[in-house]
Amino acid sequence: MQPNLDTAYWLGLAIGVVLPVLVGLVTTRVTSSGTKAVLLLALTALNGFLVELANPGDGYQVGSAVVLWAVSFGTGVLAHFGLWKPTGVSGKAQDVGAKHTTAVGA
């Protein structure tokens, strides 16, 4: 048996890897980790359902979309803790747009 994944599924997997960085771009360091997790969950849900919509297969299957959602969320969490956080990319993403204050007279 040869597994065959359409391009839409591969694209969805790649998007799941970079979604934690996107969450870092739209949140700050003081945003609670629970809020960040819920935002990642919502974005991966959107990713899963859109990938299934883009799939040129037999038709839209909600079960497949839910599985894609779970895989995308798991991939995002693993990418965050295994790749983005240890390399410092997560922290730098949250620094984008942050206001840096400088001490007056220092």
# chains A, B, ... in the order shown; residues from 1 in each chain; ligands from 1

$ select_by_dssp --residues "chain A" --states "alpha helix (DSSP H)" --output "MDAnalysis selection string"
chainID A and resid 7:26 33:54 62:79 85:87 89:95

$ residues_around --residues "stretch 56-60 of chain A" --least-positions-apart "4" --cutoff "10 Å" --atoms "only C-alpha atoms" --output "list in words"
Asp6, Thr7, Ala8, Phe49, Val51, Glu52, Ser64 and Ala65 of chain A

$ residues_around --residues "stretch 86-92 of chain A" --least-positions-apart "5" --cutoff "7 Å" --atoms "only C-alpha atoms" --output "list of chain:residue names"
A:Val21, A:Gly24, A:Phe81

$ write_last_selection --atoms "all heavy atoms" --output "short mmCIF file (atom, residue, chain, number, x, y, z; two decimals), in the first residue's frame"
data_model
loop_
_atom_site.label_atom_id
_atom_site.label_comp_id
_atom_site.auth_asym_id
_atom_site.auth_seq_id
_atom_site.Cartn_x
_atom_site.Cartn_y
_atom_site.Cartn_z
N VAL A 21 4.70 30.62 15.02
CA VAL A 21 5.40 31.89 14.81
C VAL A 21 4.37 32.99 14.56
O VAL A 21 4.51 34.10 15.06
CB VAL A 21 6.41 31.78 13.65
CG1 VAL A 21 7.08 33.12 13.38
CG2 VAL A 21 7.46 30.72 13.96
N GLY A 24 2.99 34.06 17.73
CA GLY A 24 3.96 34.93 18.39
C GLY A 24 3.95 36.34 17.84
O GLY A 24 4.19 37.30 18.57
N PHE A 81 7.69 23.91 20.64
CA PHE A 81 8.59 23.49 21.72
C PHE A 81 9.85 22.79 21.23
O PHE A 81 10.86 22.78 21.92
CB PHE A 81 7.84 22.58 22.70
CG PHE A 81 6.86 23.33 23.55
CD1 PHE A 81 5.51 23.18 23.35
CD2 PHE A 81 7.30 24.20 24.53
CE1 PHE A 81 4.60 23.88 24.12
CE2 PHE A 81 6.40 24.91 25.31
CZ PHE A 81 5.04 24.75 25.11
#

$ closest_residue --among "A:Ala98, A:Gly48, A:Ser33, A:Val26" --to "A:Phe73" --atoms "only C-alpha atoms"
A:Gly48

$ closest_residue --among "A:Val30, A:Leu22, A:Gly74, A:Leu68" --to "A:Leu53" --atoms "only C-alpha atoms"
A:Leu68

$ atom_distance --atom1 "atom CA of A:Val18" --atom2 "atom CA of A:Val67"
18.5 Å

$ closest_atom_pairs --of "stretch 24-82 of chain A" --to "stretch 12-15 of chain A" --cutoff "9 Å" --atoms "only C-alpha atoms" --output "CSV"
residue,atom,partner,partner_atom,distance
A:Thr44,CA,A:Ile15,CA,8.7
A:Asn47,CA,A:Gly12,CA,6.4
A:Gly48,CA,A:Gly12,CA,7.1
A:Leu50,CA,A:Gly12,CA,8.5
A:Val51,CA,A:Gly12,CA,5.9
A:Leu68,CA,A:Gly12,CA,8.1
A:Val71,CA,A:Leu13,CA,7.9
A:Ser72,CA,A:Leu13,CA,6.2
A:Thr75,CA,A:Leu13,CA,7.5
A:Gly76,CA,A:Ile15,CA,8.6

$ residues_around --residues "A:Val38" --least-positions-apart "3" --cutoff "12 Å" --atoms "only C-alpha atoms" --output "number ranges by chain"
A: 20, 23, 27, 31-35, 41-45, 73, 77

$ closest_residue --among "A:Asp95, A:Gln61, A:Asn55, A:Trp69" --to "A:Leu5" --atoms "only C-alpha atoms"
A:Asn55

$ closest_residue --among "A:Val66, A:Leu11, A:Leu78, A:Leu25" --to "A:Ala93" --atoms "only C-alpha atoms"
A:Leu25

$ atom_distance --atom1 "atom CA of A:Leu40" --atom2 "atom CA of A:Thr28"
14.1 Å
